[in-house]
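Step one of this worksheet: look at the structure below.
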Amino acid sequence: MTSKRKYFGGKKKADLDVFELSSIKDYKDRFSKWHIKQIDLLTFCVNLLFTLSIAVSGFIISNQNSAIFKNNVKCGQLSLTKTILFMLTLSASIGILGLIARLNDFRLTKNIIKTRRRIFELDHDIKYEDYEPSDKEVKKSQRDNLICWAKFLGRITWAFFYLQLFLFIISIWLFVLNM
């Protein structure tokens with residue numbers, strides 16, 4: 001059973017000065033922006049991966065008996081078809097891992113903004129709604145932890161992106177050079 005949300009802090013919205021109102025609005029706007037980006041990115045990536053999977057599969061299936069895919073041996077005893085499919089599958093798999101890292105990075109960035117807003121509310125004794133009172137030092141520690149993880153996930157995302165791009169380019173060049 002979920003407990004009812006309560007209000008904590010001293011100042012009501014009507015008691016805030018222009019700076020405080022502006023800052024709270026800015027934090028809420030930034031939170032909303034990152035939340036929308038997270039949803040949009042997820043939708044775009046799912047649709048992109050689905051489309052590319054169907055397109056590549058359709059191309060290879062419809063052309064598997066053509067001369068371009070026959071009697072070409074690469075990567076040991078694997079045929080050109082199997083080699084390209086392996087490289088594209090590996091590239092797509094790394095892309096999915098990068099997507100997961102990016103989505104978690106967006107989620108953490110959104111939560112960093114929310115935590116910064118709460119710290120601001122605590123610093124200025126602004127009334128806020130929550131399930132239990134917040135401790136400023138705990139929130140600052142939480143913010144620092146979120147920032148550390150967001151930086152790590154950002155670096156991982158770029159590494160996965162470059163690795164995915166490298167594998168994709170190699171598979172395309174492998175296909176083109178054997179035509």
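Chain labels A, B, ... are given in the sequence in which chains occur in the structure tokens; within each chain residues are numbered consecutively from 1, and ligands are likewise numbered from 1 in the order shown.
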Leaving out Ile126 (chain A) and any residue of its chain fewer than 4 positions from it, which residues lie within 10 Å of it when counting only C-alpha atoms, given as a PyMOL selection string? chain A and resi 7-13+15-16+20-21+24+118-122
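Near region 154-169 of chain A, within a cut-off of 6 Å and counting only C-alpha atoms, sit the residues A:Ser91, A:Ile94, A:Gly95, A:Gly98, A:Ala101, A:Arg102, with same-chain residues fewer than 6 positions away left out.
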Restricting the output to N, CA and C atoms, write the selected residues as a PDB file, in the first residue's frame.
```pdb
ATOM      1  N   SER A  91      26.941  -5.759 -35.012  1.00  0.00           N
ATOM      2  CA  SER A  91      26.781  -4.308 -34.992  1.00  0.00           C
ATOM      3  C   SER A  91      25.446  -3.922 -34.356  1.00  0.00           C
ATOM      4  N   ILE A  94      25.512  -4.550 -30.544  1.00  0.00           N
ATOM      5  CA  ILE A  94      26.250  -3.499 -29.843  1.00  0.00           C
ATOM      6  C   ILE A  94      25.425  -2.210 -29.831  1.00  0.00           C
ATOM      7  N   GLY A  95      24.705  -1.967 -30.916  1.00  0.00           N
ATOM      8  CA  GLY A  95      23.820  -0.807 -30.967  1.00  0.00           C
ATOM      9  C   GLY A  95      22.726  -0.880 -29.913  1.00  0.00           C
ATOM     10  N   GLY A  98      24.273  -0.007 -26.662  1.00  0.00           N
ATOM     11  CA  GLY A  98      24.448   1.444 -26.624  1.00  0.00           C
ATOM     12  C   GLY A  98      23.133   2.163 -26.353  1.00  0.00           C
ATOM     13  N   ALA A 101      22.319   1.834 -22.702  1.00  0.00           N
ATOM     14  CA  ALA A 101      23.161   2.752 -21.927  1.00  0.00           C
ATOM     15  C   ALA A 101      22.660   4.190 -22.072  1.00  0.00           C
ATOM     16  N   ARG A 102      22.278   4.575 -23.278  1.00  0.00           N
ATOM     17  CA  ARG A 102      21.801   5.945 -23.523  1.00  0.00           C
ATOM     18  C   ARG A 102      20.485   6.217 -22.816  1.00  0.00           C
TER      19      ARG A 102
END
```
Please run DSSP on the backbone and report, as a VMD selection string, all residues within region 33-179 of chain A that come out as alpha helix (DSSP H). chain A and resid 33 to 63 80 to 123 136 to 177
Given the selection you just returned, output its residues as a file containing C-alpha atoms, formatted as a compact mmCIF listing (two decimals), in the first residue's frame.
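Below you can see again_10.txt, which holds the result:
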```
# COMPACT_ATOMS: atom_id res chain seq x y z
CA LYS A 33 12.29 18.23 -21.47
CA TRP A 34 14.53 15.30 -20.53
CA HIS A 35 11.55 13.06 -19.86
CA ILE A 36 10.17 13.79 -23.34
CA LYS A 37 13.61 13.20 -24.91
CA GLN A 38 13.85 9.84 -23.15
CA ILE A 39 10.50 8.69 -24.52
CA ASP A 40 11.20 10.03 -28.02
CA LEU A 41 14.62 8.36 -28.17
CA LEU A 42 13.21 5.02 -27.10
CA THR A 43 10.46 5.17 -29.73
CA PHE A 44 12.84 6.24 -32.49
CA CYS A 45 15.43 3.56 -31.71
CA VAL A 46 12.92 0.74 -31.45
CA ASN A 47 11.42 1.72 -34.81
CA LEU A 48 14.85 2.16 -36.41
CA LEU A 49 16.12 -1.24 -35.24
CA PHE A 50 12.93 -2.94 -36.39
CA THR A 51 13.10 -1.30 -39.83
CA LEU A 52 16.78 -2.10 -40.34
CA SER A 53 16.28 -5.71 -39.25
CA ILE A 54 13.43 -6.21 -41.73
CA ALA A 55 15.32 -4.43 -44.55
CA VAL A 56 18.59 -6.35 -44.15
CA SER A 57 16.83 -9.67 -43.71
CA GLY A 58 14.66 -9.05 -46.76
CA PHE A 59 17.63 -8.03 -48.88
CA ILE A 60 19.72 -11.07 -47.98
CA ILE A 61 16.83 -13.53 -48.27
CA SER A 62 15.74 -12.18 -51.65
CA ASN A 63 19.31 -12.20 -52.99
CA LEU A 80 29.97 -13.90 -47.73
CA THR A 81 26.32 -14.09 -46.74
CA LYS A 82 27.09 -15.52 -43.30
CA THR A 83 30.00 -13.13 -42.77
CA ILE A 84 27.91 -10.05 -43.56
CA LEU A 85 24.98 -11.30 -41.48
CA PHE A 86 27.34 -11.98 -38.56
CA MET A 87 28.91 -8.51 -38.79
CA LEU A 88 25.54 -6.76 -39.07
CA THR A 89 24.10 -8.81 -36.21
CA LEU A 90 27.10 -7.98 -34.04
CA SER A 91 26.78 -4.31 -34.99
CA ALA A 92 23.05 -4.31 -34.18
CA SER A 93 23.67 -6.08 -30.86
CA ILE A 94 26.25 -3.50 -29.84
CA GLY A 95 23.82 -0.81 -30.97
CA ILE A 96 21.17 -2.23 -28.65
CA LEU A 97 23.64 -2.18 -25.75
CA GLY A 98 24.45 1.44 -26.62
CA LEU A 99 20.73 2.24 -26.74
CA ILE A 100 20.22 0.76 -23.29
CA ALA A 101 23.16 2.75 -21.93
CA ARG A 102 21.80 5.95 -23.52
CA LEU A 103 18.31 5.42 -22.17
CA ASN A 104 19.70 4.93 -18.67
CA ASP A 105 21.86 8.03 -19.13
CA PHE A 106 18.75 10.06 -20.03
CA ARG A 107 16.87 8.65 -17.05
CA LEU A 108 19.73 9.58 -14.70
CA THR A 109 20.00 13.08 -16.20
CA LYS A 110 16.29 13.56 -15.64
CA ASN A 111 16.66 12.38 -12.02
CA ILE A 112 19.68 14.67 -11.48
CA ILE A 113 17.50 17.65 -12.39
CA LYS A 114 14.75 16.46 -10.06
CA THR A 115 17.27 15.99 -7.21
CA ARG A 116 18.80 19.43 -7.83
CA ARG A 117 15.32 20.95 -7.61
CA ARG A 118 14.72 19.24 -4.27
CA ILE A 119 18.08 20.49 -2.95
CA PHE A 120 17.11 24.00 -4.05
CA GLU A 121 13.77 23.64 -2.25
CA LEU A 122 15.55 22.48 0.91
CA ASP A 123 18.14 25.30 0.71
CA LYS A 136 19.70 17.74 2.15
CA GLU A 137 22.98 15.88 2.66
CA VAL A 138 21.46 12.60 1.47
CA LYS A 139 20.08 14.39 -1.60
CA LYS A 140 23.49 15.93 -2.34
CA SER A 141 25.14 12.52 -2.06
CA GLN A 142 22.43 11.06 -4.29
CA ARG A 143 22.98 13.85 -6.84
CA ASP A 144 26.74 13.26 -6.90
CA ASN A 145 26.20 9.51 -7.35
CA LEU A 146 23.75 10.11 -10.21
CA ILE A 147 26.20 12.50 -11.91
CA CYS A 148 28.99 9.92 -11.67
CA TRP A 149 26.82 7.20 -13.21
CA ALA A 150 25.53 9.53 -15.94
CA LYS A 151 29.11 10.40 -16.98
CA PHE A 152 30.04 6.72 -17.04
CA LEU A 153 27.00 5.78 -19.13
CA GLY A 154 27.70 8.69 -21.50
CA ARG A 155 31.22 7.37 -22.14
CA ILE A 156 29.95 3.81 -22.59
CA THR A 157 27.31 5.00 -25.06
CA TRP A 158 29.93 6.71 -27.24
CA ALA A 159 32.22 3.65 -27.11
CA PHE A 160 29.35 1.39 -28.20
CA PHE A 161 28.39 3.85 -30.92
CA TYR A 162 31.89 3.94 -32.41
CA LEU A 163 32.22 0.16 -32.20
CA GLN A 164 28.83 -0.28 -33.86
CA LEU A 165 29.73 2.21 -36.58
CA PHE A 166 33.09 0.47 -37.17
CA LEU A 167 31.44 -2.96 -37.55
CA PHE A 168 28.75 -1.56 -39.84
CA ILE A 169 31.31 0.14 -42.10
CA ILE A 170 33.47 -3.01 -42.23
CA SER A 171 30.46 -5.13 -43.23
CA ILE A 172 29.43 -2.65 -45.94
CA TRP A 173 32.98 -2.49 -47.33
CA LEU A 174 33.22 -6.29 -47.20
CA PHE A 175 30.05 -6.47 -49.27
CA VAL A 176 31.15 -3.77 -51.76
CA LEU A 177 34.66 -5.15 -52.27
```
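The interatomic distance for the pair CA of Ser3 (chain A) and CA of Tyr128 (chain A) works out to 15.9 Å.
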Atomic distance CA of Ser22 (chain A) - CA of Asp135 (chain A), expressed in Å with one decimal: 23.1 Å
Would you compute the distance between CA of Arg5 (chain A) and CA of Glu132 (chain A)? Give it in Å to one decimal. 7.6 Å
Mind the document's chain letters and residue numbers, and return as a ChimeraX atom specification the residues of region 12-178 of chain A that DSSP labels strand (DSSP E). /A:73-74,78-79,128-130
